[in-house]
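Q: Contents of structure-v4.pdb (PDB, C-alpha atoms and all ligand atoms) are below:
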ATOM      1  CA  MET A   1      51.460  24.698 -38.886  1.00  0.00           C
ATOM      2  CA  ALA A   2      52.312  22.220 -36.137  1.00  0.00           C
ATOM      3  CA  PHE A   3      53.053  22.427 -32.467  1.00  0.00           C
ATOM      4  CA  GLN A   4      56.460  21.286 -31.336  1.00  0.00           C
ATOM      5  CA  THR A   5      56.053  19.113 -28.254  1.00  0.00           C
ATOM      6  CA  PRO A   6      56.291  18.830 -25.301  1.00  0.00           C
ATOM      7  CA  ILE A   7      54.432  22.091 -24.952  1.00  0.00           C
ATOM      8  CA  LEU A   8      52.872  24.284 -22.304  1.00  0.00           C
ATOM      9  CA  ILE A   9      49.753  26.079 -23.494  1.00  0.00           C
ATOM     10  CA  THR A  10      48.171  28.831 -21.427  1.00  0.00           C
ATOM     11  CA  ASN A  11      44.504  29.639 -21.850  1.00  0.00           C
ATOM     12  CA  PHE A  12      44.115  33.310 -20.924  1.00  0.00           C
ATOM     13  CA  LYS A  13      40.317  32.900 -20.555  1.00  0.00           C
ATOM     14  CA  CYS A  14      38.734  36.305 -19.730  1.00  0.00           C
ATOM     15  CA  TYR A  15      40.589  37.043 -16.502  1.00  0.00           C
ATOM     16  CA  GLN A  16      41.457  40.664 -15.756  1.00  0.00           C
ATOM     17  CA  GLU A  17      45.085  39.572 -15.365  1.00  0.00           C
ATOM     18  CA  SER A  18      45.227  38.202 -18.914  1.00  0.00           C
ATOM     19  CA  THR A  19      43.145  40.484 -21.130  1.00  0.00           C
ATOM     20  CA  GLY A  20      43.824  43.788 -22.858  1.00  0.00           C
ATOM     21  CA  ALA A  21      47.258  45.279 -22.217  1.00  0.00           C
ATOM     22  CA  ARG A  22      47.889  42.597 -19.609  1.00  0.00           C
ATOM     23  CA  ALA A  23      47.335  39.881 -22.227  1.00  0.00           C
ATOM     24  CA  VAL A  24      50.189  41.322 -24.259  1.00  0.00           C
ATOM     25  CA  GLU A  25      52.450  41.557 -21.198  1.00  0.00           C
ATOM     26  CA  LEU A  26      51.670  37.978 -20.235  1.00  0.00           C
ATOM     27  CA  ALA A  27      52.190  36.692 -23.776  1.00  0.00           C
ATOM     28  CA  LYS A  28      55.579  38.439 -23.822  1.00  0.00           C
ATOM     29  CA  LEU A  29      56.510  36.698 -20.572  1.00  0.00           C
ATOM     30  CA  HIS A  30      55.639  33.394 -22.241  1.00  0.00           C
ATOM     31  CA  GLU A  31      57.827  34.262 -25.199  1.00  0.00           C
ATOM     32  CA  ARG A  32      60.669  35.309 -22.912  1.00  0.00           C
ATOM     33  CA  VAL A  33      60.585  32.055 -20.957  1.00  0.00           C
ATOM     34  CA  ALA A  34      60.252  29.996 -24.143  1.00  0.00           C
ATOM     35  CA  ASN A  35      63.435  31.635 -25.459  1.00  0.00           C
ATOM     36  CA  GLU A  36      65.309  31.518 -22.154  1.00  0.00           C
ATOM     37  CA  LEU A  37      64.660  27.822 -21.600  1.00  0.00           C
ATOM     38  CA  GLY A  38      64.357  26.695 -25.203  1.00  0.00           C
ATOM     39  CA  VAL A  39      60.916  25.170 -24.661  1.00  0.00           C
ATOM     40  CA  ASN A  40      57.638  25.161 -26.572  1.00  0.00           C
ATOM     41  CA  VAL A  41      54.944  27.483 -25.351  1.00  0.00           C
ATOM     42  CA  ALA A  42      51.689  28.767 -26.850  1.00  0.00           C
ATOM     43  CA  VAL A  43      48.991  31.149 -25.654  1.00  0.00           C
ATOM     44  CA  VAL A  44      45.236  31.070 -26.152  1.00  0.00           C
ATOM     45  CA  GLY A  45      43.720  34.533 -26.161  1.00  0.00           C
ATOM     46  CA  MET A  46      40.211  35.923 -26.096  1.00  0.00           C
ATOM     47  CA  SER A  47      38.825  37.219 -29.401  1.00  0.00           C
ATOM     48  CA  LEU A  48      39.275  40.939 -28.762  1.00  0.00           C
ATOM     49  CA  ASP A  49      42.953  40.497 -27.922  1.00  0.00           C
ATOM     50  CA  LEU A  50      43.939  38.168 -30.756  1.00  0.00           C
ATOM     51  CA  PRO A  51      45.268  40.625 -33.381  1.00  0.00           C
ATOM     52  CA  MET A  52      47.257  42.483 -30.735  1.00  0.00           C
ATOM     53  CA  LEU A  53      48.734  39.232 -29.426  1.00  0.00           C
ATOM     54  CA  ALA A  54      49.630  38.013 -32.899  1.00  0.00           C
ATOM     55  CA  MET A  55      51.466  41.276 -33.581  1.00  0.00           C
ATOM     56  CA  SER A  56      53.297  41.238 -30.251  1.00  0.00           C
ATOM     57  CA  VAL A  57      54.821  37.761 -29.993  1.00  0.00           C
ATOM     58  CA  SER A  58      56.323  35.103 -32.210  1.00  0.00           C
ATOM     59  CA  ILE A  59      55.147  32.084 -30.194  1.00  0.00           C
ATOM     60  CA  PRO A  60      51.919  30.418 -31.448  1.00  0.00           C
ATOM     61  CA  VAL A  61      48.738  32.374 -30.669  1.00  0.00           C
ATOM     62  CA  LEU A  62      45.472  30.462 -30.621  1.00  0.00           C
ATOM     63  CA  ALA A  63      41.871  31.605 -30.375  1.00  0.00           C
ATOM     64  CA  GLN A  64      39.664  30.344 -27.536  1.00  0.00           C
ATOM     65  CA  HIS A  65      36.967  29.543 -30.071  1.00  0.00           C
ATOM     66  CA  LEU A  66      36.365  29.947 -33.797  1.00  0.00           C
ATOM     67  CA  ASP A  67      33.297  29.539 -35.942  1.00  0.00           C
ATOM     68  CA  GLY A  68      33.397  27.319 -39.020  1.00  0.00           C
ATOM     69  CA  VAL A  69      32.130  29.967 -41.395  1.00  0.00           C
ATOM     70  CA  GLY A  70      33.923  32.111 -43.936  1.00  0.00           C
ATOM     71  CA  TRP A  71      33.736  35.805 -44.703  1.00  0.00           C
ATOM     72  CA  GLY A  72      30.228  37.166 -45.015  1.00  0.00           C
ATOM     73  CA  ALA A  73      26.997  38.201 -43.399  1.00  0.00           C
ATOM     74  CA  PHE A  74      27.589  36.815 -39.918  1.00  0.00           C
ATOM     75  CA  THR A  75      27.097  38.862 -36.787  1.00  0.00           C
ATOM     76  CA  GLY A  76      28.890  38.183 -33.550  1.00  0.00           C
ATOM     77  CA  LEU A  77      30.846  35.204 -34.879  1.00  0.00           C
ATOM     78  CA  VAL A  78      34.607  34.758 -35.168  1.00  0.00           C
ATOM     79  CA  PRO A  79      35.131  33.164 -38.586  1.00  0.00           C
ATOM     80  CA  VAL A  80      38.158  30.955 -39.145  1.00  0.00           C
ATOM     81  CA  GLU A  81      39.274  32.902 -42.221  1.00  0.00           C
ATOM     82  CA  VAL A  82      39.101  36.229 -40.412  1.00  0.00           C
ATOM     83  CA  ALA A  83      41.229  34.893 -37.559  1.00  0.00           C
ATOM     84  CA  ARG A  84      43.766  33.567 -40.055  1.00  0.00           C
ATOM     85  CA  SER A  85      43.920  36.901 -41.848  1.00  0.00           C
ATOM     86  CA  VAL A  86      44.976  38.675 -38.644  1.00  0.00           C
ATOM     87  CA  GLY A  87      47.785  36.198 -37.986  1.00  0.00           C
ATOM     88  CA  ILE A  88      46.201  33.668 -35.638  1.00  0.00           C
ATOM     89  CA  ASP A  89      47.915  30.285 -35.773  1.00  0.00           C
ATOM     90  CA  GLY A  90      45.101  28.054 -34.609  1.00  0.00           C
ATOM     91  CA  ALA A  91      42.242  27.597 -32.187  1.00  0.00           C
ATOM     92  CA  MET A  92      40.972  25.714 -29.255  1.00  0.00           C
ATOM     93  CA  LEU A  93      37.482  24.350 -29.855  1.00  0.00           C
ATOM     94  CA  ASN A  94      34.815  23.004 -27.512  1.00  0.00           C
ATOM     95  CA  HIS A  95      36.354  24.085 -24.203  1.00  0.00           C
ATOM     96  CA  SER A  96      34.058  23.041 -21.382  1.00  0.00           C
ATOM     97  CA  GLU A  97      33.309  26.729 -20.815  1.00  0.00           C
ATOM     98  CA  ARG A  98      32.426  27.102 -24.541  1.00  0.00           C
ATOM     99  CA  ARG A  99      30.938  23.803 -25.686  1.00  0.00           C
ATOM    100  CA  ILE A 100      29.768  23.499 -29.279  1.00  0.00           C
ATOM    101  CA  SER A 101      28.049  20.768 -31.293  1.00  0.00           C
ATOM    102  CA  ASP A 102      29.893  18.006 -33.132  1.00  0.00           C
ATOM    103  CA  SER A 103      28.806  19.474 -36.449  1.00  0.00           C
ATOM    104  CA  ASP A 104      30.187  22.896 -35.481  1.00  0.00           C
ATOM    105  CA  ILE A 105      33.480  21.228 -34.507  1.00  0.00           C
ATOM    106  CA  GLU A 106      33.609  19.439 -37.859  1.00  0.00           C
ATOM    107  CA  ARG A 107      32.855  22.617 -39.805  1.00  0.00           C
ATOM    108  CA  ALA A 108      35.530  24.579 -37.941  1.00  0.00           C
ATOM    109  CA  LEU A 109      38.115  21.790 -38.324  1.00  0.00           C
ATOM    110  CA  GLU A 110      37.555  21.567 -42.043  1.00  0.00           C
ATOM    111  CA  ARG A 111      38.062  25.304 -42.539  1.00  0.00           C
ATOM    112  CA  MET A 112      41.019  25.418 -40.167  1.00  0.00           C
ATOM    113  CA  LYS A 113      42.743  22.652 -42.110  1.00  0.00           C
ATOM    114  CA  ALA A 114      42.221  24.540 -45.334  1.00  0.00           C
ATOM    115  CA  GLN A 115      43.853  27.564 -43.675  1.00  0.00           C
ATOM    116  CA  ASN A 116      46.720  25.478 -42.275  1.00  0.00           C
ATOM    117  CA  MET A 117      45.671  26.320 -38.720  1.00  0.00           C
ATOM    118  CA  LEU A 118      46.380  24.226 -35.704  1.00  0.00           C
ATOM    119  CA  SER A 119      43.451  22.654 -33.851  1.00  0.00           C
ATOM    120  CA  LEU A 120      43.191  21.773 -30.189  1.00  0.00           C
ATOM    121  CA  VAL A 121      39.810  20.220 -29.451  1.00  0.00           C
ATOM    122  CA  CYS A 122      38.778  19.845 -25.824  1.00  0.00           C
ATOM    123  CA  ALA A 123      37.126  16.687 -24.577  1.00  0.00           C
ATOM    124  CA  GLU A 124      35.611  15.877 -21.213  1.00  0.00           C
ATOM    125  CA  THR A 125      35.866  12.107 -21.676  1.00  0.00           C
ATOM    126  CA  LEU A 126      38.099   9.635 -23.496  1.00  0.00           C
ATOM    127  CA  GLU A 127      35.249   8.690 -25.805  1.00  0.00           C
ATOM    128  CA  GLU A 128      34.817  12.295 -26.841  1.00  0.00           C
ATOM    129  CA  GLY A 129      38.553  12.636 -27.279  1.00  0.00           C
ATOM    130  CA  ALA A 130      38.718   9.614 -29.595  1.00  0.00           C
ATOM    131  CA  LYS A 131      35.755  10.938 -31.576  1.00  0.00           C
ATOM    132  CA  PHE A 132      37.378  14.359 -32.090  1.00  0.00           C
ATOM    133  CA  ALA A 133      40.709  12.758 -33.017  1.00  0.00           C
ATOM    134  CA  ALA A 134      38.881  10.741 -35.694  1.00  0.00           C
ATOM    135  CA  MET A 135      37.438  14.024 -36.994  1.00  0.00           C
ATOM    136  CA  GLY A 136      41.004  15.119 -37.690  1.00  0.00           C
ATOM    137  CA  ALA A 137      41.869  17.352 -34.723  1.00  0.00           C
ATOM    138  CA  ASP A 138      45.613  17.931 -34.423  1.00  0.00           C
ATOM    139  CA  PHE A 139      45.560  17.758 -30.620  1.00  0.00           C
ATOM    140  CA  ILE A 140      43.013  16.681 -28.049  1.00  0.00           C
ATOM    141  CA  ALA A 141      42.882  18.441 -24.700  1.00  0.00           C
ATOM    142  CA  ILE A 142      41.469  16.180 -22.030  1.00  0.00           C
ATOM    143  CA  GLU A 143      40.029  18.245 -19.197  1.00  0.00           C
ATOM    144  CA  VAL A 144      37.846  17.021 -16.374  1.00  0.00           C
ATOM    145  CA  PRO A 145      35.420  19.917 -15.777  1.00  0.00           C
ATOM    146  CA  GLU A 146      35.252  19.524 -11.997  1.00  0.00           C
ATOM    147  CA  LEU A 147      39.031  19.920 -11.668  1.00  0.00           C
ATOM    148  CA  ILE A 148      39.202  23.121 -13.736  1.00  0.00           C
ATOM    149  CA  GLY A 149      40.214  26.144 -11.686  1.00  0.00           C
ATOM    150  CA  GLY A 150      40.916  24.036  -8.613  1.00  0.00           C
ATOM    151  CA  ASP A 151      44.064  23.201  -6.690  1.00  0.00           C
ATOM    152  CA  VAL A 152      44.118  19.469  -7.364  1.00  0.00           C
ATOM    153  CA  SER A 153      45.582  18.670 -10.755  1.00  0.00           C
ATOM    154  CA  VAL A 154      44.459  16.056 -13.216  1.00  0.00           C
ATOM    155  CA  SER A 155      47.939  14.545 -12.838  1.00  0.00           C
ATOM    156  CA  THR A 156      47.266  13.905  -9.145  1.00  0.00           C
ATOM    157  CA  ALA A 157      43.539  13.154  -9.170  1.00  0.00           C
ATOM    158  CA  LYS A 158      43.255  11.141 -12.378  1.00  0.00           C
ATOM    159  CA  PRO A 159      46.641   9.885 -13.578  1.00  0.00           C
ATOM    160  CA  GLU A 160      44.976   6.840 -15.133  1.00  0.00           C
ATOM    161  CA  LEU A 161      42.922   9.133 -17.370  1.00  0.00           C
ATOM    162  CA  ILE A 162      46.126  10.498 -18.891  1.00  0.00           C
ATOM    163  CA  SER A 163      47.616   7.072 -19.607  1.00  0.00           C
ATOM    164  CA  GLU A 164      44.323   5.762 -20.990  1.00  0.00           C
ATOM    165  CA  ALA A 165      43.970   8.851 -23.196  1.00  0.00           C
ATOM    166  CA  VAL A 166      47.420   8.261 -24.637  1.00  0.00           C
ATOM    167  CA  VAL A 167      46.501   4.656 -25.495  1.00  0.00           C
ATOM    168  CA  LYS A 168      43.092   5.512 -26.900  1.00  0.00           C
ATOM    169  CA  ILE A 169      43.894   8.748 -28.727  1.00  0.00           C
ATOM    170  CA  GLY A 170      47.530   8.283 -29.623  1.00  0.00           C
ATOM    171  CA  ALA A 171      50.884   9.360 -28.261  1.00  0.00           C
ATOM    172  CA  GLY A 172      51.849  12.838 -29.339  1.00  0.00           C
ATOM    173  CA  LYS A 173      48.265  14.032 -29.590  1.00  0.00           C
ATOM    174  CA  VAL A 174      47.124  14.286 -25.982  1.00  0.00           C
ATOM    175  CA  ILE A 175      47.298  17.531 -24.017  1.00  0.00           C
ATOM    176  CA  VAL A 176      46.001  17.469 -20.456  1.00  0.00           C
ATOM    177  CA  GLY A 177      44.704  20.249 -18.282  1.00  0.00           C
ATOM    178  CA  ALA A 178      42.788  21.228 -15.156  1.00  0.00           C
ATOM    179  CA  GLY A 179      44.332  22.253 -11.871  1.00  0.00           C
ATOM    180  CA  ILE A 180      47.923  22.196 -13.175  1.00  0.00           C
ATOM    181  CA  LYS A 181      49.854  24.410 -10.757  1.00  0.00           C
ATOM    182  CA  THR A 182      53.303  22.942 -10.125  1.00  0.00           C
ATOM    183  CA  ALA A 183      56.334  21.610 -11.949  1.00  0.00           C
ATOM    184  CA  GLU A 184      55.511  18.197 -10.502  1.00  0.00           C
ATOM    185  CA  ASP A 185      52.044  18.309 -12.128  1.00  0.00           C
ATOM    186  CA  VAL A 186      53.694  18.972 -15.493  1.00  0.00           C
ATOM    187  CA  ARG A 187      56.370  16.312 -15.027  1.00  0.00           C
ATOM    188  CA  LYS A 188      53.824  13.698 -14.052  1.00  0.00           C
ATOM    189  CA  ALA A 189      51.547  14.464 -17.016  1.00  0.00           C
ATOM    190  CA  LEU A 190      54.481  14.130 -19.420  1.00  0.00           C
ATOM    191  CA  SER A 191      55.768  10.983 -17.766  1.00  0.00           C
ATOM    192  CA  LEU A 192      52.344   9.427 -18.308  1.00  0.00           C
ATOM    193  CA  GLY A 193      52.667  10.148 -22.018  1.00  0.00           C
ATOM    194  CA  ALA A 194      50.987  13.522 -22.486  1.00  0.00           C
ATOM    195  CA  ALA A 195      52.429  15.730 -25.233  1.00  0.00           C
ATOM    196  CA  GLY A 196      51.773  18.828 -23.211  1.00  0.00           C
ATOM    197  CA  VAL A 197      49.748  20.634 -20.600  1.00  0.00           C
ATOM    198  CA  LEU A 198      46.981  23.201 -20.761  1.00  0.00           C
ATOM    199  CA  VAL A 199      47.041  25.708 -17.915  1.00  0.00           C
ATOM    200  CA  ALA A 200      44.996  28.763 -16.972  1.00  0.00           C
ATOM    201  CA  SER A 201      44.659  29.934 -13.361  1.00  0.00           C
ATOM    202  CA  GLY A 202      47.973  28.396 -12.259  1.00  0.00           C
ATOM    203  CA  ILE A 203      49.814  30.974 -14.363  1.00  0.00           C
ATOM    204  CA  VAL A 204      47.314  33.796 -14.887  1.00  0.00           C
ATOM    205  CA  LYS A 205      46.463  34.096 -11.183  1.00  0.00           C
ATOM    206  CA  ALA A 206      49.976  33.437  -9.882  1.00  0.00           C
ATOM    207  CA  ALA A 207      51.416  36.112  -7.579  1.00  0.00           C
ATOM    208  CA  ASP A 208      54.562  35.982  -9.698  1.00  0.00           C
ATOM    209  CA  GLN A 209      53.623  34.979 -13.242  1.00  0.00           C
ATOM    210  CA  LEU A 210      57.204  34.998 -14.523  1.00  0.00           C
ATOM    211  CA  ALA A 211      58.526  32.772 -11.731  1.00  0.00           C
ATOM    212  CA  THR A 212      55.616  30.367 -12.162  1.00  0.00           C
ATOM    213  CA  LEU A 213      56.137  30.217 -15.901  1.00  0.00           C
ATOM    214  CA  ARG A 214      59.807  29.451 -15.398  1.00  0.00           C
ATOM    215  CA  GLU A 215      58.955  26.720 -12.914  1.00  0.00           C
ATOM    216  CA  LEU A 216      56.289  25.032 -15.055  1.00  0.00           C
ATOM    217  CA  CYS A 217      58.220  25.417 -18.307  1.00  0.00           C
ATOM    218  CA  GLY A 218      61.374  24.104 -16.668  1.00  0.00           C
ATOM    219  CA  ALA A 219      59.514  20.853 -16.112  1.00  0.00           C
ATOM    220  CA  LEU A 220      59.074  20.438 -19.876  1.00  0.00           C
ATOM    221  CA  LYS A 221      62.796  19.783 -20.036  1.00  0.00           C
ATOM    222  CA  SER A 222      63.208  17.263 -17.265  1.00  0.00           C
TER     223      SER A 222
HETATM  224  O1  LIG B   1      41.831  25.605 -20.565  1.00  0.00           O
HETATM  225  C1  LIG B   1      42.528  25.317 -19.408  1.00  0.00           C
HETATM  226  C2  LIG B   1      41.684  25.245 -18.247  1.00  0.00           C
HETATM  227  O2  LIG B   1      40.366  24.929 -18.403  1.00  0.00           O
HETATM  228  C3  LIG B   1      42.314  24.713 -17.024  1.00  0.00           C
HETATM  229  O3  LIG B   1      42.063  25.710 -16.116  1.00  0.00           O
HETATM  230  O4  LIG B   1      42.521  27.091 -14.189  1.00  0.00           O
HETATM  231  O5  LIG B   1      42.411  24.608 -13.969  1.00  0.00           O
HETATM  232  O6  LIG B   1      44.353  25.649 -15.136  1.00  0.00           O
HETATM  233  P1  LIG B   1      42.894  25.749 -14.771  1.00  0.00           P
END
Please rewrite the model in this file as structure tokens.
A:
Amino acid sequence: MAFQTPILITNFKCYQESTGARAVELAKLHERVANELGVNVAVVGMSLDLPMLAMSVSIPVLAQHLDGVGWGAFTGLVPVEVARSVGIDGAMLNHSERRISDSDIERALERMKAQNMLSLVCAETLEEGAKFAAMGADFIAIEVPELIGGDVSVSTAKPELISEAVVKIGAGKVIVGAGIKTAEDVRKALSLGAAGVLVASGIVKAADQLATLRELCGALKS
């Protein structure tokens, strides 16, 4: 499977506002706005919520992490094949809140490819991003850890990082995130060449999630 771009991807993390029944509600809001505006949207859910999310919406549902192992005697892991069998479209790997080794990334990517799953590998630097792109990741999410969860977006604080990432990693492959809160943040990221944005608190913690989604997704069109 492939993402259509430009895209807005929301990482639900493990917030109270975006897990359990509220994860399903929020995913449905994403689907509603995607249909209303005709834009591309995907959600990244926590492991326990994934089957329920996959059954509830038709937009892409990604895991926050997967393990590059198959079926078998593994305890506490989330194998790629198991995720695929419950309808998960892809996974984010190596988020800065869930870093894994290069060899674990490679193992997961290989199995995800075999399952036709979409991969979004997070990188904290351009060098890492280029390395993961060479490993065959479909998309690279560039996120500066110190901006995550804050009010200053990567688009404002580090615009040059976005343009350099596009040159180094390739147009159409770069997703940027951290501190994205406004339509202007989205517009700026796209105008610098990003294929999409990765958001968490800006939508999950918004007083009005639907209005915020409409605002940020509207910027995918302009
Ligand atoms: O995965 C997205 C994330 O790390 C960015 O978080 O809260 O800054 O949008 P936030």
Q: Just the residues within 12 Å of Lys205 (chain A), please, counting all atoms listed in the file, with nothing from its chain fewer than 2 positions along; format it as a list in words.
A: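 Result of the neighbour search: Thr10, Asn11, Phe12, Lys13, Cys14, Tyr15, Gln16, Glu17, Ser18, Leu26, Gly149, Gly150, Lys181, Val199, Ala200, Ser201, Gly202, Ile203, Ala207, Asp208, Gln209, Leu210, Thr212 and Leu213 of chain A.
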Q: Figure out the distance between CA of Ala165 (chain A) and CA of Thr125 (chain A), please, to one decimal in Å.
A: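 Spanning CA of Thr125 (chain A) to CA of Ala165 (chain A) is a straight-line distance of 8.9 Å.
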Q: Selected by the PyMOL selection byres (((chain A and resi 218) around 12) and not hetatm) in the shown coordinates: which residues, as JSON, numbers by chain?
A: {"A": [6, 7, 8, 33, 34, 35, 36, 37, 38, 39, 40, 41, 182, 183, 184, 185, 186, 187, 210, 211, 212, 213, 214, 215, 216, 217, 219, 220, 221, 222]}
Q: Centre and edge lengths of an axis-aligned box around all listed atoms of ligand LIG 1 (chain B), with 5 Å added on each side, are to be given in Å to one decimal, as JSON.
A:
{"center_x": 42.4, "center_y": 25.8, "center_z": -17.3, "size_x": 14.0, "size_y": 12.5, "size_z": 16.6}
Q: List the neighbours of Glu106 (chain A) out to 12 Å using only C-alpha atoms; skip same-chain residues closer than 4 positions along the sequence, and give me the result as a list of chain:residue names.
A: A:Leu66, A:Asp67, A:Gly68, A:Val69, A:Leu93, A:Asn94, A:Ile100, A:Ser101, A:Asp102, A:Glu110, A:Arg111, A:Met112, A:Lys113, A:Ser119, A:Val121, A:Lys131, A:Phe132, A:Ala133, A:Ala134, A:Met135, A:Gly136, A:Ala137
Q: Given the file shown, determine the residues that the PyMOL selection byres (((chain A and resi 171) around 12) and not hetatm) selects; report them as a PyMOL selection string.
A: chain A and resi 5-6+133+138-140+162-170+172-175+190-196
Q: Quick one: distance from CA of Ile59 (chain A) to CA of Pro79 (chain A) in Å, one decimal?
A: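 Going from CA of Ile59 (chain A) over to CA of Pro79 (chain A) covers 21.7 Å.
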Q: Smallest atom-to-atom distance to Met92 (chain A): which of A:Ala73, A:Cys122, A:Val176, A:Val43, using only C-alpha atoms?
A: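 Nearest to Met92 (chain A): A:Cys122.
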Q: Counting all atoms listed in the file, what is within 8 Å of Asp89 (chain A), bar same-chain residues fewer than 6 positions away, as a PyMOL selection string?
A: chain A and resi 1+60-62+117-118
Q: Translate the PyMOL selection byres (((chain A and resi 49) around 12) and not hetatm), as applied to the file shown, into an explicit residue set as a short mmCIF file (atom, residue, chain, number, x, y, z; two decimals) with C-alpha atoms, in the coordinates of the input.
A:
data_model
loop_
_atom_site.label_atom_id
_atom_site.label_comp_id
_atom_site.auth_asym_id
_atom_site.auth_seq_id
_atom_site.Cartn_x
_atom_site.Cartn_y
_atom_site.Cartn_z
CA PHE A 12 44.12 33.31 -20.92
CA LYS A 13 40.32 32.90 -20.56
CA CYS A 14 38.73 36.30 -19.73
CA SER A 18 45.23 38.20 -18.91
CA THR A 19 43.14 40.48 -21.13
CA GLY A 20 43.82 43.79 -22.86
CA ALA A 21 47.26 45.28 -22.22
CA ARG A 22 47.89 42.60 -19.61
CA ALA A 23 47.34 39.88 -22.23
CA VAL A 24 50.19 41.32 -24.26
CA GLU A 25 52.45 41.56 -21.20
CA LEU A 26 51.67 37.98 -20.24
CA ALA A 27 52.19 36.69 -23.78
CA VAL A 43 48.99 31.15 -25.65
CA VAL A 44 45.24 31.07 -26.15
CA GLY A 45 43.72 34.53 -26.16
CA MET A 46 40.21 35.92 -26.10
CA SER A 47 38.83 37.22 -29.40
CA LEU A 48 39.28 40.94 -28.76
CA LEU A 50 43.94 38.17 -30.76
CA PRO A 51 45.27 40.62 -33.38
CA MET A 52 47.26 42.48 -30.74
CA LEU A 53 48.73 39.23 -29.43
CA ALA A 54 49.63 38.01 -32.90
CA MET A 55 51.47 41.28 -33.58
CA SER A 56 53.30 41.24 -30.25
CA VAL A 61 48.74 32.37 -30.67
CA LEU A 62 45.47 30.46 -30.62
CA ALA A 63 41.87 31.60 -30.38
CA GLN A 64 39.66 30.34 -27.54
CA ALA A 83 41.23 34.89 -37.56
CA VAL A 86 44.98 38.67 -38.64
CA GLY A 87 47.78 36.20 -37.99
CA ILE A 88 46.20 33.67 -35.64
#
Q: Just to confirm, what's the straight-line distance from CA of Ala108 (chain A) to CA of Val80 (chain A) in Å (one decimal)?
A: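 One can read the CA of Ala108 (chain A) to CA of Val80 (chain A) distance as 7.0 Å.
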Q: Quick one: of A:Glu81, A:Gln115, A:Ser96, A:Phe74, who's nearest to Ile148 (chain A), counting all atoms listed in the file?
A: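 For Ile148 (chain A), the nearest of the candidates is A:Ser96.
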Q: Find the residue from A:Ala114, A:Leu77, A:Val197, A:Ala178 that sits nearest to ligand LIG 1 (chain B); use only C-alpha atoms and all ligand atoms when measuring.
A: A:Ala178
Q: Check the smallest atom-to-atom distance from each of A:Leu29, A:Leu126, A:Ile9, A:Ile105 to ligand LIG 1 (chain B) using all atoms listed in the file, then report the winner.
A: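 Among the listed residues, A:Ile9 lies closest to ligand LIG 1 (chain B).
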Q: With only C-alpha atoms and all ligand atoms as the atoms that count, which of A:His65, A:Arg84, A:Asp104, A:Thr75 lies nearest to ligand LIG 1 (chain B)?
A: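 The closest residue to ligand LIG 1 (chain B) is A:His65.
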Q: Tell me which of A:Pro159, A:Lys188, A:Ala130, A:Glu146 sits closest to ligand LIG 1 (chain B), counting all atoms listed in the file.
A: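 Selected residue with least distance to ligand LIG 1 (chain B): A:Glu146.
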